[in-house]
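Raw contents of query-v7.txt, compact mmCIF, C-alpha atoms:
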# COMPACT_ATOMS: atom_id res chain seq x y z
CA MET E 1 -50.27 -61.95 -46.68
CA PHE E 2 -48.54 -59.37 -44.48
CA LYS E 3 -49.90 -58.42 -41.07
CA ASP E 4 -48.28 -56.13 -38.55
CA MET E 5 -50.28 -54.94 -35.57
CA GLU E 6 -53.08 -52.73 -36.82
CA ILE E 7 -51.64 -52.44 -40.34
CA ARG E 8 -53.11 -55.25 -42.38
CA ILE E 9 -52.36 -56.00 -46.01
CA GLU E 10 -54.19 -58.78 -47.84
CA SER E 11 -53.75 -59.95 -51.41
CA GLY E 12 -55.51 -62.06 -54.01
CA GLU E 13 -55.39 -62.76 -57.70
CA ARG E 14 -58.78 -61.23 -58.49
CA VAL E 15 -61.00 -58.44 -57.21
CA ARG E 16 -63.59 -61.00 -56.13
CA ASP E 17 -61.04 -62.52 -53.75
CA VAL E 18 -61.85 -59.66 -51.37
CA LEU E 19 -65.34 -61.08 -50.79
CA PRO E 20 -64.33 -63.46 -47.96
CA LEU E 21 -62.85 -60.49 -46.08
CA ILE E 22 -66.19 -58.65 -46.11
CA ALA E 23 -68.53 -61.63 -45.90
CA GLY E 24 -69.48 -60.95 -42.29
CA GLU E 25 -70.18 -57.24 -42.74
CA GLY E 26 -73.82 -56.41 -42.17
CA GLU E 27 -73.35 -52.80 -43.30
CA LEU E 28 -70.98 -52.50 -46.21
CA TYR E 29 -70.89 -49.32 -48.31
CA LEU E 30 -68.76 -48.93 -51.42
CA VAL E 31 -67.20 -45.60 -52.32
CA TYR E 32 -65.69 -45.92 -55.76
CA ASP E 33 -64.17 -43.88 -58.55
CA SER E 34 -66.65 -43.75 -61.43
CA GLU E 35 -63.77 -44.60 -63.78
CA VAL E 36 -63.43 -48.05 -62.17
CA ALA E 37 -67.14 -48.90 -62.06
CA PRO E 38 -66.57 -52.37 -63.60
CA TRP E 39 -64.26 -53.35 -60.73
CA ALA E 40 -66.68 -51.99 -58.15
CA GLY E 41 -69.46 -53.90 -59.91
CA GLU E 42 -67.62 -57.15 -59.20
CA ILE E 43 -68.39 -56.80 -55.49
CA ALA E 44 -71.37 -54.40 -55.43
CA GLY E 45 -73.75 -57.24 -54.61
CA ALA E 46 -72.20 -57.48 -51.15
CA ALA E 47 -72.92 -53.81 -50.34
CA ARG E 48 -76.00 -52.02 -49.08
CA ALA E 49 -75.20 -49.03 -51.28
CA ALA E 50 -72.51 -47.88 -53.69
CA ILE E 51 -71.41 -44.24 -53.89
CA ALA E 52 -69.71 -43.11 -57.07
CA ILE E 53 -67.36 -40.12 -57.05
CA GLU E 54 -65.31 -38.33 -59.66
CA ALA E 55 -61.74 -38.79 -58.48
CA SER E 56 -59.56 -35.87 -59.59
CA GLU E 57 -57.28 -33.36 -57.90
CA GLU E 58 -59.90 -30.68 -58.59
CA ASN E 59 -62.55 -32.73 -56.75
CA LYS E 60 -60.26 -33.77 -53.90
CA SER E 61 -61.98 -31.35 -51.57
CA MET E 62 -64.15 -31.07 -48.48
CA ASP E 63 -67.16 -30.67 -50.76
CA THR E 64 -66.68 -34.21 -52.07
CA VAL E 65 -66.05 -35.60 -48.59
CA LEU E 66 -69.22 -33.97 -47.28
CA SER E 67 -71.14 -35.38 -50.26
CA ILE E 68 -69.94 -38.88 -49.32
CA CYS E 69 -71.03 -38.30 -45.71
CA ARG E 70 -74.47 -37.09 -46.80
CA GLN E 71 -74.97 -40.13 -49.00
CA LEU E 72 -73.92 -42.43 -46.16
CA MET E 73 -76.46 -40.72 -43.91
CA GLU E 74 -79.21 -40.95 -46.53
CA ALA E 75 -78.45 -44.67 -46.96
CA GLY E 76 -78.84 -45.19 -43.21
CA ALA E 77 -75.23 -46.04 -42.39
CA SER E 78 -74.73 -46.56 -38.66
CA ARG E 79 -71.57 -46.54 -36.58
CA LYS E 80 -71.22 -50.28 -37.33
CA ALA E 81 -70.76 -49.60 -41.04
CA LEU E 82 -67.66 -50.40 -43.08
CA VAL E 83 -66.74 -48.20 -46.04
CA LEU E 84 -64.77 -49.97 -48.75
CA ALA E 85 -62.91 -47.57 -51.04
CA VAL E 86 -62.36 -48.82 -54.59
CA GLY E 87 -60.11 -46.65 -56.74
CA GLY E 88 -56.79 -44.86 -56.77
CA GLY E 89 -55.15 -42.79 -54.07
CA ILE E 90 -57.53 -39.86 -54.42
CA THR E 91 -60.47 -42.18 -53.80
CA THR E 92 -58.90 -43.96 -50.81
CA ASP E 93 -57.84 -40.61 -49.33
CA MET E 94 -61.33 -39.11 -49.56
CA ALA E 95 -63.30 -42.23 -48.60
CA GLY E 96 -61.03 -42.80 -45.59
CA PHE E 97 -61.39 -39.16 -44.52
CA ALA E 98 -65.18 -39.30 -44.88
CA ALA E 99 -65.32 -42.49 -42.82
CA SER E 100 -63.08 -40.99 -40.14
CA ILE E 101 -65.42 -38.05 -39.53
CA TYR E 102 -68.84 -39.59 -40.25
CA LYS E 103 -70.61 -40.06 -36.89
CA ARG E 104 -67.21 -39.35 -35.27
CA GLY E 105 -65.62 -42.25 -37.04
CA ILE E 106 -66.56 -45.52 -38.72
CA ARG E 107 -64.33 -48.22 -40.18
CA TYR E 108 -62.98 -48.21 -43.70
CA ALA E 109 -60.92 -50.50 -45.92
CA ASN E 110 -59.12 -50.00 -49.22
CA LEU E 111 -59.12 -51.82 -52.54
CA PRO E 112 -56.63 -49.72 -54.52
CA THR E 113 -56.87 -49.96 -58.31
CA THR E 114 -53.68 -48.12 -59.31
CA LEU E 115 -50.05 -49.06 -58.83
CA LEU E 116 -49.39 -45.78 -57.01
CA ALA E 117 -52.15 -46.49 -54.51
CA GLN E 118 -51.09 -50.11 -54.00
CA VAL E 119 -47.51 -49.25 -53.08
CA ASP E 120 -48.13 -45.95 -51.29
CA ALA E 121 -51.37 -43.98 -51.01
CA ALA E 122 -53.64 -46.78 -49.75
CA VAL E 123 -51.10 -48.06 -47.19
CA GLY E 124 -50.36 -46.30 -43.92
CA GLY E 125 -53.60 -44.60 -42.93
CA LYS E 126 -53.10 -41.08 -44.28
CA THR E 127 -56.38 -39.59 -45.50
CA GLY E 128 -57.27 -36.09 -46.60
CA VAL E 129 -58.10 -33.49 -49.21
CA ASN E 130 -56.55 -30.43 -50.78
CA LEU E 131 -57.17 -26.90 -49.54
CA ASP E 132 -57.32 -24.42 -52.42
CA ASP E 133 -54.17 -25.19 -54.43
CA TYR E 134 -52.25 -26.82 -51.57
CA LYS E 135 -51.89 -30.59 -51.44
CA ASN E 136 -53.49 -32.69 -48.67
CA MET E 137 -53.74 -29.82 -46.19
CA LEU E 138 -56.81 -31.27 -44.42
CA GLY E 139 -56.98 -34.82 -43.13
CA VAL E 140 -56.33 -37.35 -40.42
CA ILE E 141 -54.22 -40.46 -39.92
CA VAL E 142 -56.40 -43.49 -39.20
CA GLN E 143 -55.57 -47.04 -40.26
CA PRO E 144 -57.90 -48.96 -42.59
CA VAL E 145 -59.26 -52.32 -41.45
CA PHE E 146 -57.28 -53.79 -44.35
CA THR E 147 -55.80 -52.88 -47.70
CA PHE E 148 -56.44 -55.49 -50.40
CA LEU E 149 -53.95 -55.77 -53.26
CA THR E 150 -54.70 -57.57 -56.50
CA PRO E 151 -52.79 -57.57 -59.80
CA GLU E 152 -56.03 -57.93 -61.76
CA VAL E 153 -56.81 -54.21 -61.60
CA LEU E 154 -53.39 -53.23 -62.98
CA LYS E 155 -53.85 -55.08 -66.28
CA THR E 156 -56.02 -52.32 -67.73
CA LEU E 157 -54.04 -49.33 -66.44
CA PRO E 158 -52.71 -46.87 -69.03
CA GLU E 159 -48.93 -46.72 -69.39
CA ARG E 160 -48.79 -43.25 -67.85
CA GLU E 161 -50.59 -44.47 -64.71
CA LEU E 162 -48.17 -47.38 -64.37
CA CYS E 163 -45.20 -45.01 -64.67
CA SER E 164 -46.66 -42.74 -62.00
CA GLY E 165 -46.92 -45.68 -59.64
CA ALA E 166 -43.43 -46.83 -60.56
CA ALA E 167 -42.04 -43.57 -59.15
CA GLU E 168 -43.50 -44.37 -55.72
CA LEU E 169 -42.31 -47.97 -55.98
CA LEU E 170 -38.73 -46.88 -56.67
CA LYS E 171 -38.98 -44.25 -53.94
CA THR E 172 -39.78 -46.89 -51.33
CA PHE E 173 -36.80 -49.04 -52.34
CA LEU E 174 -34.46 -46.05 -52.46
CA ILE E 175 -35.38 -45.52 -48.82
CA GLY E 176 -34.81 -49.00 -47.51
CA ASP E 177 -33.89 -51.79 -49.95
CA ALA E 178 -31.05 -51.29 -52.45
CA ALA E 179 -31.36 -54.82 -53.88
CA ALA E 180 -35.10 -54.40 -54.50
CA TYR E 181 -34.41 -51.01 -56.12
CA GLY E 182 -32.07 -52.60 -58.65
CA GLU E 183 -34.52 -55.42 -59.31
CA ALA E 184 -37.40 -52.96 -59.77
CA VAL E 185 -35.45 -50.95 -62.35
CA ARG E 186 -34.75 -54.17 -64.30
CA VAL E 187 -38.35 -55.38 -64.08
CA LEU E 188 -39.74 -52.01 -65.21
CA ARG E 189 -37.25 -51.78 -68.05
CA GLU E 190 -38.17 -55.27 -69.28
CA GLY E 191 -41.91 -54.87 -68.69
CA ARG E 192 -42.16 -57.90 -66.41
CA ASP E 193 -44.71 -58.58 -63.66
CA LEU E 194 -44.37 -56.40 -60.55
CA GLY E 195 -46.40 -58.58 -58.18
CA LYS E 196 -43.74 -59.55 -55.62
CA LEU E 197 -42.18 -56.09 -55.72
CA ILE E 198 -45.55 -54.48 -54.96
CA LEU E 199 -45.97 -56.63 -51.85
CA ARG E 200 -42.37 -55.90 -50.83
CA ALA E 201 -42.91 -52.13 -51.15
CA ALA E 202 -46.17 -52.29 -49.20
CA SER E 203 -44.49 -54.28 -46.40
CA ILE E 204 -41.59 -51.81 -46.17
CA LYS E 205 -44.00 -48.91 -45.82
CA ALA E 206 -46.14 -50.80 -43.30
CA ASP E 207 -43.06 -51.54 -41.16
CA ILE E 208 -42.08 -47.86 -41.09
CA VAL E 209 -45.63 -46.73 -40.31
CA ARG E 210 -45.98 -49.27 -37.50
CA ARG E 211 -42.88 -47.83 -35.81
CA ASP E 212 -43.93 -44.19 -36.33
CA PRO E 213 -47.65 -44.01 -37.20
CA PHE E 214 -48.05 -40.25 -36.74
CA GLU E 215 -44.87 -39.10 -38.50
CA HIS E 216 -42.92 -37.78 -35.54
CA GLY E 217 -39.62 -39.19 -36.78
CA GLU E 218 -38.80 -42.15 -39.01
CA ARG E 219 -41.98 -41.99 -41.09
CA ARG E 220 -40.74 -38.73 -42.55
CA VAL E 221 -38.42 -40.71 -44.83
CA LEU E 222 -41.48 -41.79 -46.85
CA ASN E 223 -41.65 -38.18 -48.06
CA LEU E 224 -38.58 -38.64 -50.26
CA GLY E 225 -39.15 -36.36 -53.26
CA HIS E 226 -42.49 -35.12 -51.95
CA SER E 227 -41.57 -31.64 -50.70
CA PHE E 228 -40.46 -30.78 -54.21
CA ALA E 229 -43.30 -32.79 -55.77
CA HIS E 230 -46.06 -30.95 -53.91
CA ALA E 231 -44.53 -27.62 -54.92
CA LEU E 232 -44.40 -28.79 -58.54
CA GLU E 233 -48.04 -29.88 -58.37
CA HIS E 234 -48.99 -26.51 -56.88
CA GLU E 235 -47.31 -24.74 -59.77
CA ALA E 236 -48.95 -27.09 -62.28
CA ARG E 237 -52.40 -26.28 -60.91
CA LEU E 238 -51.71 -22.55 -61.13
CA ARG E 239 -50.65 -22.96 -64.75
CA GLU E 240 -53.42 -25.48 -65.50
CA ASP E 241 -50.78 -27.97 -66.64
CA ASP E 242 -51.16 -31.74 -66.69
CA LEU E 243 -48.66 -33.12 -64.17
CA SER E 244 -49.52 -36.28 -62.23
CA HIS E 245 -48.51 -36.90 -58.63
CA GLY E 246 -46.25 -39.79 -59.61
CA GLU E 247 -44.52 -37.72 -62.28
CA ALA E 248 -43.93 -34.95 -59.75
CA VAL E 249 -42.53 -37.45 -57.23
CA GLY E 250 -40.06 -38.84 -59.77
CA ILE E 251 -38.82 -35.34 -60.60
CA GLY E 252 -38.76 -34.48 -56.89
CA ILE E 253 -36.53 -37.47 -56.11
CA LEU E 254 -34.02 -36.29 -58.70
CA LEU E 255 -34.05 -32.79 -57.20
CA ALA E 256 -33.52 -34.31 -53.75
CA ALA E 257 -30.54 -36.28 -55.11
CA ARG E 258 -29.08 -33.11 -56.61
CA LEU E 259 -29.54 -31.26 -53.33
CA SER E 260 -27.89 -34.13 -51.48
CA GLU E 261 -24.89 -33.95 -53.79
CA ARG E 262 -24.65 -30.17 -53.50
CA LEU E 263 -24.58 -30.50 -49.70
CA GLY E 264 -21.83 -33.10 -49.90
CA LEU E 265 -24.01 -35.88 -48.51
CA ALA E 266 -24.53 -38.17 -51.49
CA GLU E 267 -22.27 -40.22 -53.67
CA THR E 268 -20.91 -38.19 -56.57
CA GLY E 269 -23.05 -38.76 -59.65
CA LEU E 270 -26.08 -40.05 -57.74
CA GLU E 271 -28.51 -37.76 -59.55
CA GLU E 272 -27.28 -38.88 -62.97
CA ARG E 273 -27.41 -42.54 -61.95
CA LEU E 274 -30.99 -42.19 -60.75
CA ARG E 275 -31.92 -40.21 -63.84
CA ALA E 276 -30.62 -43.00 -66.09
CA ASP E 277 -32.54 -45.58 -64.02
CA PHE E 278 -35.74 -43.53 -64.17
CA VAL E 279 -35.45 -43.07 -67.94
CA ALA E 280 -34.92 -46.82 -68.35
CA ALA E 281 -38.02 -47.43 -66.23
CA GLY E 282 -40.10 -45.05 -68.37
CA LEU E 283 -40.39 -42.23 -65.84
CA ARG E 284 -40.51 -38.53 -66.60
CA THR E 285 -37.35 -36.74 -65.46
CA ASP E 286 -37.51 -33.13 -66.71
CA CYS E 287 -38.35 -30.36 -64.24
CA PRO E 288 -40.95 -28.25 -66.10
CA TYR E 289 -40.69 -25.07 -64.00
CA PRO E 290 -37.95 -22.70 -62.81
CA LEU E 291 -36.60 -23.88 -59.48
CA GLU E 292 -37.04 -20.39 -58.00
CA CYS E 293 -40.83 -20.78 -58.08
CA LEU E 294 -40.75 -23.82 -55.76
CA ALA E 295 -39.60 -22.05 -52.57
CA ALA E 296 -42.87 -20.23 -51.79
CA PRO E 297 -45.21 -23.27 -52.00
CA MET E 298 -42.72 -25.40 -50.04
CA ALA E 299 -42.82 -22.80 -47.26
CA LYS E 300 -46.60 -23.36 -47.02
CA ASP E 301 -46.37 -27.13 -47.18
CA LYS E 302 -48.22 -28.91 -44.35
CA LYS E 303 -44.92 -30.38 -43.15
CA ALA E 304 -43.13 -27.04 -42.86
CA ALA E 305 -42.44 -25.92 -39.28
CA ASP E 306 -40.56 -22.92 -37.89
CA GLY E 307 -39.65 -21.89 -41.41
CA THR E 308 -37.91 -25.18 -42.25
CA VAL E 309 -38.78 -28.37 -44.10
CA HIS E 310 -37.43 -31.82 -43.28
CA PHE E 311 -35.96 -32.69 -46.67
CA ILE E 312 -35.34 -36.39 -47.25
CA LEU E 313 -32.03 -36.71 -49.07
CA PRO E 314 -30.75 -39.91 -50.68
CA VAL E 315 -27.16 -40.85 -49.94
CA ARG E 316 -27.19 -43.98 -52.09
CA PRO E 317 -29.89 -46.52 -53.03
CA GLY E 318 -31.20 -47.97 -49.80
CA GLU E 319 -30.07 -45.09 -47.58
CA VAL E 320 -31.53 -41.63 -46.94
CA ILE E 321 -31.02 -38.96 -44.31
CA ILE E 322 -33.25 -36.19 -42.97
CA ARG E 323 -31.96 -32.62 -43.18
CA ALA E 324 -33.89 -29.56 -41.99
CA LEU E 325 -33.49 -26.59 -44.36
CA THR E 326 -35.48 -23.54 -45.24
CA PRO E 327 -37.02 -23.79 -48.71
CA ALA E 328 -34.91 -20.79 -49.77
CA GLU E 329 -31.73 -22.55 -48.66
CA ALA E 330 -32.68 -25.67 -50.57
CA VAL E 331 -33.44 -23.78 -53.78
CA ARG E 332 -30.26 -21.71 -53.51
CA ALA E 333 -28.22 -24.90 -53.21
CA LEU E 334 -29.95 -26.40 -56.25
CA ILE E 335 -29.30 -23.42 -58.52
CA ALA E 336 -25.84 -22.48 -57.21

Final structure tokens representation of the file:
Amino acid sequence: MFKDMEIRIESGERVRDVLPLIAGEGELYLVYDSEVAPWAGEIAGAARAAIAIEASEENKSMDTVLSICRQLMEAGASRKALVLAVGGGITTDMAGFAASIYKRGIRYANLPTTLLAQVDAAVGGKTGVNLDDYKNMLGVIVQPVFTFLTPEVLKTLPERELCSGAAELLKTFLIGDAAAYGEAVRVLREGRDLGKLILRAASIKADIVRRDPFEHGERRVLNLGHSFAHALEHEARLREDDLSHGEAVGIGILLAARLSERLGLAETGLEERLRADFVAAGLRTDCPYPLECLAAPMAKDKKAADGTVHFILPVRPGEVIIRALTPAEAVRALIA
């Protein structure tokens, strides 16, 4: 178990191991992805009501959040209520956002059911929804009461979902733990259990968030690969292509490594080394769109300010730096 101030991570072997953490809750409401109904059913008996949602990028909107709020109101949820989100990152993002605005704020907790959510999305308190075709433009930062991690839910995940989560896992270690990065590549290549690495990644992120909860400085490093990734996802939605967030992050990390090399910041050959590691780990590495089309959506990214974006650039595994560039400058460097 890892605890650090208001950021609390709990773990157990099974979904039902979360029950002692919610045993004293008089008003528990589940918000769960309909795709993981069996997992939600394991603990539904402890809740006053269970709200099913369809968790997809298309439904990650204010309409869904308002629907959750309406159902909480209809079920009689008071300001003493606790919302427990059961699902992937889209579910924890929307349930947390709904809880943060319902009656000016009630508590929420997370039970993430995907690898990506366990190592990233459900840790750190970021909640929100998309605005039109732009990623996570509306939201707040508010910490969950706890995030509960269990390996049981990962046993039934499709291979593609595991690979998407692996991109965020490797991202975290590229930021702050070179030894864990190497170990994660080996474990993913050999198909071994990720349990200890998941807890390590969650603790690294929790440490960073504790020091900079509202992303004024250090927390920005957690966006490694994400400026490019969100632009790739924007383009995918315009083209109605199937590109997952984790896939976009993996490609975005490689673009960040290339940019770092082009600016003379990274070790020579870093991009190719990471590409070989990502291929070995089963990640997607091809950039599906022309680089020129990424500048415009990056300029509208929620993290852009005064025409620049704080790009997180890897120097070597375990070390990154922050460099402010305009999106046009970044793209020009990539295609030069």

Find the residue from E:Gly176, E:Gly246, E:Gly182, E:Pro327 that sits nearest to Leu259 in chain E; use all atoms listed in the file when measuring. E:Pro327

Pick out the residues sitting within 7 Å of Phe146 in chain E, and hand them over as a PyMOL selection string; count only C-alpha atoms, and ignore anything fewer than 5 positions along from it in its own chain. chain E and resi 8-10+109-110

Same residues, C-alpha atoms, saved as a PDB file, in the coordinates of the input:
ATOM      1  CA  ARG E   8     -53.110 -55.250 -42.380  1.00  0.00           C
ATOM      2  CA  ILE E   9     -52.360 -56.000 -46.010  1.00  0.00           C
ATOM      3  CA  GLU E  10     -54.190 -58.780 -47.840  1.00  0.00           C
ATOM      4  CA  ALA E 109     -60.920 -50.500 -45.920  1.00  0.00           C
ATOM      5  CA  ASN E 110     -59.120 -50.000 -49.220  1.00  0.00           C
TER       6      ASN E 110
END

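Take the candidates E:Gly12, E:Gly128, E:Gly307, E:Gly76 and check each one against Lys103 in chain E using only C-alpha atoms; the shortest distance goes to E:Gly76.
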
Glu42 in chain E proximity check over E:Val15, E:Val320, E:Ala77, E:Leu313, using all atoms listed in the file: winner is E:Val15

Can you pull out the residues contacting Ala44 in chain E? Cut-off 9 Å, using all atoms listed in the file, and skip same-chain residues under 6 positions away; I want them as an mmCIF file with C-alpha atoms, keeping the file's coordinate frame.
data_model
loop_
_atom_site.group_PDB
_atom_site.id
_atom_site.type_symbol
_atom_site.label_atom_id
_atom_site.label_comp_id
_atom_site.auth_asym_id
_atom_site.auth_seq_id
_atom_site.Cartn_x
_atom_site.Cartn_y
_atom_site.Cartn_z
ATOM 1 C CA TYR E 29 -70.890 -49.320 -48.310
ATOM 2 C CA LEU E 30 -68.760 -48.930 -51.420
ATOM 3 C CA ALA E 50 -72.510 -47.880 -53.690
#

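Ranking E:Glu319, E:Glu267, E:Asp207, E:Asp277 by their shortest atom-to-atom distance to Arg189 in chain E, with all atoms listed in the file included, puts E:Asp277 first.
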
Would you list the contacts of Ala40 in chain E as a ChimeraX atom specification, taking every protein, DNA or RNA residue within 12 Å and counting all atoms listed in the file, but skipping same-chain residues closer than 2 positions in sequence? /E:15-16,18-19,29-38,42-47,49-53,84-87,110-113,153

Of the candidates E:Val279, E:Val331, E:Val187, E:Val119, which one gets nearest to Ala256 in chain E if we count only C-alpha atoms?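 Under the stated criterion, the closest residue is E:Val331.
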
Anything within 9 Å of (-44.2, -23.5, -51.6): list those residues as JSON, numbers by chain, counting only C-alpha atoms and sticking to the file's coordinates. {"E": [134, 227, 228, 230, 231, 232, 234, 235, 293, 294, 295, 296, 297, 298, 299, 300, 301, 327]}

Using all atoms listed in the file, the best pick from E:Ser260, E:Ser244, E:Ser203, E:Ser56 as closest to Leu224 in chain E would be E:Ser260

CA of Glu27 in chain E to CA of Leu154 in chain E: how many Å, to one decimal?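 Taking CA of Glu27 in chain E as the start and CA of Leu154 in chain E as the end point, the length is 28.0 Å.
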
Give me, as a list in words, all polymer residues having an atom no more than 10 Å from Glu168 in chain E, counting all atoms listed in the file and skipping those fewer than 6 positions away in the same chain. Leu115, Leu116, Ala117, Gln118, Val119, Asp120, Ala121, Leu174, Ala201, Leu222, Leu224, Gly225, His245, Gly246, Glu247, Val249, Gly250 and Ile253 of chain E

Can you work out the spacing between CA of Pro158 in chain E and CA of Val129 in chain E in Å, to one decimal?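 CA of Val129 in chain E lies at a distance of 24.5 Å from CA of Pro158 in chain E.
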
What does the distance from CA of Tyr181 in chain E to CA of Leu169 in chain E come to in Å, to one decimal?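 It comes out at 8.5 Å.
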
Surrounding residues of range 213-215 of chain E excluding itself and chain neighbours under 5 positions, 10 Å, all atoms listed in the file, as a ChimeraX atom specification: /E:7,124-126,140-143,206-208,220-222,303
